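Source file target23.pdb; content: PDB, C-alpha atoms.
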```
ATOM      1  CA  MET A   1     167.567  97.903 129.079
ATOM      2  CA  ASN A   2     169.555 100.969 128.101
ATOM      3  CA  GLU A   3     167.619 104.051 129.227
ATOM      4  CA  PHE A   4     168.231 105.854 125.916
ATOM      5  CA  VAL A   5     166.943 102.874 123.893
ATOM      6  CA  GLU A   6     163.871 102.693 126.133
ATOM      7  CA  ALA A   7     163.263 106.439 125.762
ATOM      8  CA  MET A   8     163.502 106.316 121.966
ATOM      9  CA  GLY A   9     161.215 103.274 121.907
ATOM     10  CA  GLN A  10     158.417 105.567 123.101
ATOM     11  CA  VAL A  11     158.599 107.526 119.843
ATOM     12  CA  PRO A  12     156.567 105.983 117.004
ATOM     13  CA  THR A  13     158.378 105.783 113.677
ATOM     14  CA  ALA A  14     157.047 104.887 110.240
ATOM     15  CA  VAL A  15     158.239 101.479 109.078
ATOM     16  CA  THR A  16     159.963 101.672 105.709
ATOM     17  CA  VAL A  17     161.638  99.095 103.478
ATOM     18  CA  VAL A  18     164.664 100.507 101.652
ATOM     19  CA  THR A  19     165.859  98.565  98.608
ATOM     20  CA  VAL A  20     168.743  98.880  96.174
ATOM     21  CA  LYS A  21     169.659  96.936  93.038
ATOM     22  CA  ASP A  22     173.155  95.543  93.218
ATOM     23  CA  GLU A  23     175.030  94.063  90.258
ATOM     24  CA  ARG A  24     174.153  90.553  91.469
ATOM     25  CA  ASP A  25     170.940  90.860  93.441
ATOM     26  CA  ASP A  26     168.308  93.093  94.991
ATOM     27  CA  VAL A  27     168.967  93.944  98.635
ATOM     28  CA  GLY A  28     166.694  95.564 101.189
ATOM     29  CA  ALA A  29     166.144  96.187 104.879
ATOM     30  CA  THR A  30     163.473  97.495 107.216
ATOM     31  CA  VAL A  31     164.358 100.907 108.635
ATOM     32  CA  GLY A  32     162.753 103.071 111.283
ATOM     33  CA  THR A  33     164.338 106.363 110.345
ATOM     34  CA  PHE A  34     163.148 107.670 106.998
ATOM     35  CA  THR A  35     161.970 111.259 106.767
ATOM     36  CA  SER A  36     161.526 114.307 104.587
ATOM     37  CA  VAL A  37     164.185 116.965 105.192
ATOM     38  CA  SER A  38     163.345 119.579 102.539
ATOM     39  CA  LEU A  39     160.475 120.516 100.242
ATOM     40  CA  ASP A  40     162.566 122.696  97.913
ATOM     41  CA  PRO A  41     164.532 120.891  96.750
ATOM     42  CA  GLN A  42     162.677 117.686  97.595
ATOM     43  CA  LEU A  43     165.026 115.777  99.890
ATOM     44  CA  VAL A  44     164.626 112.729 102.119
ATOM     45  CA  MET A  45     166.952 111.072 104.614
ATOM     46  CA  VAL A  46     167.412 107.498 105.738
ATOM     47  CA  SER A  47     169.569 106.328 108.646
ATOM     48  CA  MET A  48     171.344 102.987 108.288
ATOM     49  CA  ASP A  49     173.418 100.882 110.687
ATOM     50  CA  SER A  50     176.982 101.507 109.507
ATOM     51  CA  GLY A  51     177.893  97.841 109.915
ATOM     52  CA  GLY A  52     175.127  96.514 107.669
ATOM     53  CA  TYR A  53     175.429  95.207 104.121
ATOM     54  CA  LEU A  54     172.750  97.590 102.814
ATOM     55  CA  ASN A  55     174.776 100.518 104.191
ATOM     56  CA  GLU A  56     177.794  99.221 102.267
ATOM     57  CA  LEU A  57     175.731  99.005  99.070
ATOM     58  CA  LEU A  58     174.257 102.490  99.499
ATOM     59  CA  LEU A  59     177.807 103.837  99.714
ATOM     60  CA  ARG A  60     178.405 102.355  96.233
ATOM     61  CA  ARG A  61     174.977 102.720  94.600
ATOM     62  CA  ASP A  62     173.399 106.178  94.643
ATOM     63  CA  ARG A  63     169.870 105.240  93.540
ATOM     64  CA  TRP A  64     167.454 103.401  95.813
ATOM     65  CA  ALA A  65     163.766 103.080  96.707
ATOM     66  CA  ALA A  66     161.845 103.531  99.955
ATOM     67  CA  SER A  67     158.454 101.877 100.469
ATOM     68  CA  VAL A  68     156.581 103.175 103.538
ATOM     69  CA  LEU A  69     154.526 100.199 104.706
ATOM     70  CA  SER A  70     150.843 100.141 105.590
ATOM     71  CA  GLY A  71     149.263  98.655 108.703
ATOM     72  CA  GLY A  72     148.607  95.301 107.029
ATOM     73  CA  GLN A  73     152.240  94.752 106.011
ATOM     74  CA  LYS A  74     153.802  93.598 109.300
ATOM     75  CA  ALA A  75     154.978  90.352 107.711
ATOM     76  CA  ILE A  76     156.941  92.262 105.063
ATOM     77  CA  ALA A  77     158.546  94.445 107.740
ATOM     78  CA  SER A  78     159.554  91.357 109.718
ATOM     79  CA  ARG A  79     160.981  89.579 106.663
ATOM     80  CA  PHE A  80     163.210  92.548 105.799
ATOM     81  CA  ALA A  81     164.309  92.944 109.443
ATOM     82  CA  THR A  82     165.460  89.331 109.919
ATOM     83  CA  ALA A  83     169.197  88.766 110.288
ATOM     84  CA  GLY A  84     170.745  86.626 107.544
ATOM     85  CA  ARG A  85     167.789  87.254 105.230
ATOM     86  CA  PRO A  86     167.929  86.269 101.556
ATOM     87  CA  GLY A  87     167.748  88.743  98.670
ATOM     88  CA  ALA A  88     164.818  91.114  98.301
ATOM     89  CA  ARG A  89     163.310  89.251  95.330
ATOM     90  CA  LEU A  90     162.898  86.122  97.466
ATOM     91  CA  LEU A  91     161.503  88.146 100.367
ATOM     92  CA  LEU A  92     158.886  89.647  98.057
ATOM     93  CA  ALA A  93     157.914  86.399  96.310
ATOM     94  CA  GLY A  94     154.118  86.306  96.273
ATOM     95  CA  THR A  95     153.896  89.951  97.400
ATOM     96  CA  PRO A  96     152.842  92.629  94.896
ATOM     97  CA  HIS A  97     155.836  94.737  93.914
ATOM     98  CA  HIS A  98     157.468  96.340  90.902
ATOM     99  CA  ARG A  99     160.827  97.696  89.841
ATOM    100  CA  GLY A 100     161.287 101.458  90.063
ATOM    101  CA  GLU A 101     161.822 103.018  86.660
ATOM    102  CA  LEU A 102     164.579 105.393  87.772
ATOM    103  CA  SER A 103     166.313 103.517  90.593
ATOM    104  CA  GLU A 104     165.771  99.972  89.263
ATOM    105  CA  ALA A 105     165.201  99.023  92.918
ATOM    106  CA  LEU A 106     162.250  96.901  94.005
ATOM    107  CA  VAL A 107     159.233  98.856  95.259
ATOM    108  CA  VAL A 108     156.704  97.198  97.595
ATOM    109  CA  ASP A 109     153.121  97.783  96.448
ATOM    110  CA  GLY A 110     150.264  98.308  98.902
ATOM    111  CA  GLY A 111     152.056 100.680 101.258
ATOM    112  CA  VAL A 112     151.113 104.248 102.107
ATOM    113  CA  THR A 113     153.712 105.683  99.723
ATOM    114  CA  ALA A 114     156.878 104.819  97.841
ATOM    115  CA  LEU A 115     159.683 107.011  96.540
ATOM    116  CA  GLU A 116     162.760 106.622  94.413
ATOM    117  CA  ALA A 117     165.772 108.647  95.473
ATOM    118  CA  GLU A 118     169.388 109.449  94.631
ATOM    119  CA  THR A 119     171.915 110.023  97.408
ATOM    120  CA  ILE A 120     173.533 113.461  97.317
ATOM    121  CA  LYS A 121     175.221 113.510 100.729
ATOM    122  CA  VAL A 122     176.492 110.865 103.158
ATOM    123  CA  VAL A 123     176.950 111.825 106.809
ATOM    124  CA  PRO A 124     178.633 109.520 109.361
ATOM    125  CA  ALA A 125     176.659 109.732 112.620
ATOM    126  CA  GLY A 126     177.979 107.546 115.433
ATOM    127  CA  ASP A 127     177.171 103.905 114.684
ATOM    128  CA  HIS A 128     174.893 104.924 111.782
ATOM    129  CA  THR A 129     175.221 106.590 108.391
ATOM    130  CA  LEU A 130     172.747 109.214 107.196
ATOM    131  CA  PHE A 131     171.957 109.214 103.485
ATOM    132  CA  VAL A 132     170.430 112.487 102.284
ATOM    133  CA  ALA A 133     168.836 112.005  98.892
ATOM    134  CA  ARG A 134     167.076 113.928  96.139
ATOM    135  CA  VAL A 135     163.625 112.546  95.340
ATOM    136  CA  LEU A 136     163.620 111.228  91.767
ATOM    137  CA  ALA A 137     159.980 110.115  91.721
ATOM    138  CA  VAL A 138     156.996 109.450  93.911
ATOM    139  CA  ASP A 139     155.881 105.988  92.782
ATOM    140  CA  TYR A 140     152.523 106.107  94.541
ATOM    141  CA  VAL A 141     150.590 107.661  97.419
ATOM    142  CA  THR A 142     147.689 105.844  99.115
ATOM    143  CA  PRO A 143     146.189 108.318 101.617
ATOM    144  CA  GLY A 144     143.363 105.953 102.653
ATOM    145  CA  LEU A 145     145.716 103.414 104.227
ATOM    146  CA  THR A 146     146.955 103.487 107.830
ATOM    147  CA  PRO A 147     150.773 103.512 108.103
ATOM    148  CA  LEU A 148     152.639 100.764 109.930
ATOM    149  CA  VAL A 149     154.688 102.156 112.832
ATOM    150  CA  ARG A 150     157.214 100.753 115.260
ATOM    151  CA  LEU A 151     156.439 101.670 118.865
ATOM    152  CA  ARG A 152     157.806 100.073 122.048
ATOM    153  CA  ALA A 153     159.691  97.431 120.002
ATOM    154  CA  ARG A 154     156.549  96.255 118.163
ATOM    155  CA  TYR A 155     155.050  96.794 114.738
ATOM    156  CA  ARG A 156     151.480  98.114 114.838
ATOM    157  CA  PRO A 157     149.148 100.167 112.668
ATOM    158  CA  ALA A 158     149.364 103.883 113.508
ATOM    159  CA  GLY A 159     146.794 104.677 116.167
ATOM    160  CA  GLY A 160     146.483 100.980 117.027
TER     161      GLY A 160
END
```
Mind turning the file's structure into structure tokens?
Amino acid sequence: MNEFVEAMGQVPTAVTVVTVKDERDDVGATVGTFTSVSLDPQLVMVSMDSGGYLNELLLRRDRWAASVLSGGQKAIASRFATAGRPGARLLLAGTPHHRGELSEALVVDGGVTALEAETIKVVPAGDHTLFVARVLAVDYVTPGLTPLVRLRARYRPAGG
């Protein structure tokens, strides 16, 4: 295993599903790099694989949603991380969700928080693209739930 990949695998990251509404469908993916970058103005950042379809869509569609998953949502994380996955609506069939009012993107319910955002800056970064975005709305915050994290190539509840 690449020593850098192994080193970074020791760092727990919150598991987040990023979704965007395309003209034809809803698209989403599980990401491990979603973070706050500024409180004033309220800005967040997501890092996407430059070769992925969601990256391509985010370059065309400025508004998107980020649902930070809770410890009991491993199955959702896995569904959105699977190669060749269908559209987000099919992946969320039977799972509580709603459409964000401002982004029109699908928002997963039952996570620790969910935000809607609008990209204001795109930064190429090696084999990834960083999307810095202004927070349009905080859809919900559930402080009593344990976040789902990725640590050592596995999904697990934080602290678990």
Exercise. For A:Pro147, list every protein, DNA or RNA residue within 9 Å, evaluated using all atoms listed in the file, and leave out those in the same chain fewer than 4 positions away; present the list as a ChimeraX atom specification.
Key: /A:14-15,68-72,111-112,156-158
Exercise. Give me the result of the PyMOL selection byres ((chain A and resi 129-133) around 7) on this file, residue by residue, as a list in words.
Key: Leu43, Val44, Met45, Val46, Ser47, Met48, Asp49, Ser50, Ala117, Glu118, Thr119, Ile120, Lys121, Val122, Val123, Pro124, Ala125, His128, Arg134 and Val135 of chain A
Output for the residues just chosen: C-alpha atoms as an mmCIF file, in the frame of the given file:
```cif
data_model
loop_
_atom_site.group_PDB
_atom_site.id
_atom_site.type_symbol
_atom_site.label_atom_id
_atom_site.label_comp_id
_atom_site.auth_asym_id
_atom_site.auth_seq_id
_atom_site.Cartn_x
_atom_site.Cartn_y
_atom_site.Cartn_z
ATOM 1 C CA LEU A 43 165.026 115.777 99.890
ATOM 2 C CA VAL A 44 164.626 112.729 102.119
ATOM 3 C CA MET A 45 166.952 111.072 104.614
ATOM 4 C CA VAL A 46 167.412 107.498 105.738
ATOM 5 C CA SER A 47 169.569 106.328 108.646
ATOM 6 C CA MET A 48 171.344 102.987 108.288
ATOM 7 C CA ASP A 49 173.418 100.882 110.687
ATOM 8 C CA SER A 50 176.982 101.507 109.507
ATOM 9 C CA ALA A 117 165.772 108.647 95.473
ATOM 10 C CA GLU A 118 169.388 109.449 94.631
ATOM 11 C CA THR A 119 171.915 110.023 97.408
ATOM 12 C CA ILE A 120 173.533 113.461 97.317
ATOM 13 C CA LYS A 121 175.221 113.510 100.729
ATOM 14 C CA VAL A 122 176.492 110.865 103.158
ATOM 15 C CA VAL A 123 176.950 111.825 106.809
ATOM 16 C CA PRO A 124 178.633 109.520 109.361
ATOM 17 C CA ALA A 125 176.659 109.732 112.620
ATOM 18 C CA HIS A 128 174.893 104.924 111.782
ATOM 19 C CA ARG A 134 167.076 113.928 96.139
ATOM 20 C CA VAL A 135 163.625 112.546 95.340
#
```
Exercise. Spell out the residues picked by the PyMOL selection byres ((chain A and resi 95) around 12) here, as a PyMOL selection string.
Key: chain A and resi 73+75-76+79+88-94+96-98+106-111
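For the set A:Ala66, A:Ala83, A:Ala105, A:Met8, the residue with the smallest atom-to-atom gap to A:Ser36 is A:Ala66, counting all atoms listed in the file.
Distances from A:Ala153, A:Arg99, A:Val20, A:Leu148 to A:Leu58 were compared using only C-alpha atoms, and the smallest one belongs to A:Val20.
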Could you write stretch 101-113 of chain A as an mmCIF file, in the frame of the given file, with N, CA, C and O atoms rebuilt where they are missing?
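Output saved as part.cif:
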```cif
data_model
loop_
_atom_site.group_PDB
_atom_site.id
_atom_site.type_symbol
_atom_site.label_atom_id
_atom_site.label_comp_id
_atom_site.auth_asym_id
_atom_site.auth_seq_id
_atom_site.Cartn_x
_atom_site.Cartn_y
_atom_site.Cartn_z
ATOM 1 N N GLU A 101 161.312 102.664 87.991
ATOM 2 C CA GLU A 101 161.822 103.018 86.660
ATOM 3 C C GLU A 101 163.158 103.746 86.712
ATOM 4 O O GLU A 101 163.999 103.562 85.842
ATOM 5 N N LEU A 102 163.363 104.576 87.721
ATOM 6 C CA LEU A 102 164.579 105.393 87.772
ATOM 7 C C LEU A 102 165.684 104.792 88.634
ATOM 8 O O LEU A 102 166.862 104.965 88.347
ATOM 9 N N SER A 103 165.311 104.107 89.688
ATOM 10 C CA SER A 103 166.313 103.517 90.593
ATOM 11 C C SER A 103 166.624 102.067 90.250
ATOM 12 O O SER A 103 167.655 101.552 90.658
ATOM 13 N N GLU A 104 165.712 101.404 89.555
ATOM 14 C CA GLU A 104 165.771 99.972 89.263
ATOM 15 C C GLU A 104 165.656 99.123 90.521
ATOM 16 O O GLU A 104 165.819 97.908 90.482
ATOM 17 N N ALA A 105 165.376 99.750 91.658
ATOM 18 C CA ALA A 105 165.201 99.023 92.918
ATOM 19 C C ALA A 105 163.775 98.500 93.014
ATOM 20 O O ALA A 105 162.852 99.046 92.393
ATOM 21 N N LEU A 106 163.583 97.449 93.800
ATOM 22 C CA LEU A 106 162.250 96.901 94.005
ATOM 23 C C LEU A 106 161.427 97.833 94.891
ATOM 24 O O LEU A 106 161.931 98.361 95.881
ATOM 25 N N VAL A 107 160.163 98.004 94.521
ATOM 26 C CA VAL A 107 159.233 98.856 95.259
ATOM 27 C C VAL A 107 158.086 97.970 95.722
ATOM 28 O O VAL A 107 157.473 97.266 94.918
ATOM 29 N N VAL A 108 157.799 97.987 97.030
ATOM 30 C CA VAL A 108 156.704 97.198 97.595
ATOM 31 C C VAL A 108 155.396 97.922 97.297
ATOM 32 O O VAL A 108 155.245 99.102 97.611
ATOM 33 N N ASP A 109 154.448 97.220 96.692
ATOM 34 C CA ASP A 109 153.121 97.783 96.448
ATOM 35 C C ASP A 109 152.264 97.634 97.701
ATOM 36 O O ASP A 109 152.551 96.813 98.571
ATOM 37 N N GLY A 110 151.205 98.438 97.799
ATOM 38 C CA GLY A 110 150.264 98.308 98.902
ATOM 39 C C GLY A 110 150.629 99.063 100.157
ATOM 40 O O GLY A 110 149.950 98.945 101.175
ATOM 41 N N GLY A 111 151.685 99.867 100.109
ATOM 42 C CA GLY A 111 152.056 100.680 101.258
ATOM 43 C C GLY A 111 151.339 102.014 101.229
ATOM 44 O O GLY A 111 150.433 102.226 100.414
ATOM 45 N N VAL A 112 151.743 102.926 102.102
ATOM 46 C CA VAL A 112 151.113 104.248 102.107
ATOM 47 C C VAL A 112 151.761 105.180 101.091
ATOM 48 O O VAL A 112 151.112 106.090 100.582
ATOM 49 N N THR A 113 153.035 104.944 100.783
ATOM 50 C CA THR A 113 153.712 105.683 99.723
ATOM 51 C C THR A 113 155.025 104.987 99.385
ATOM 52 O O THR A 113 155.516 104.154 100.162
#
```
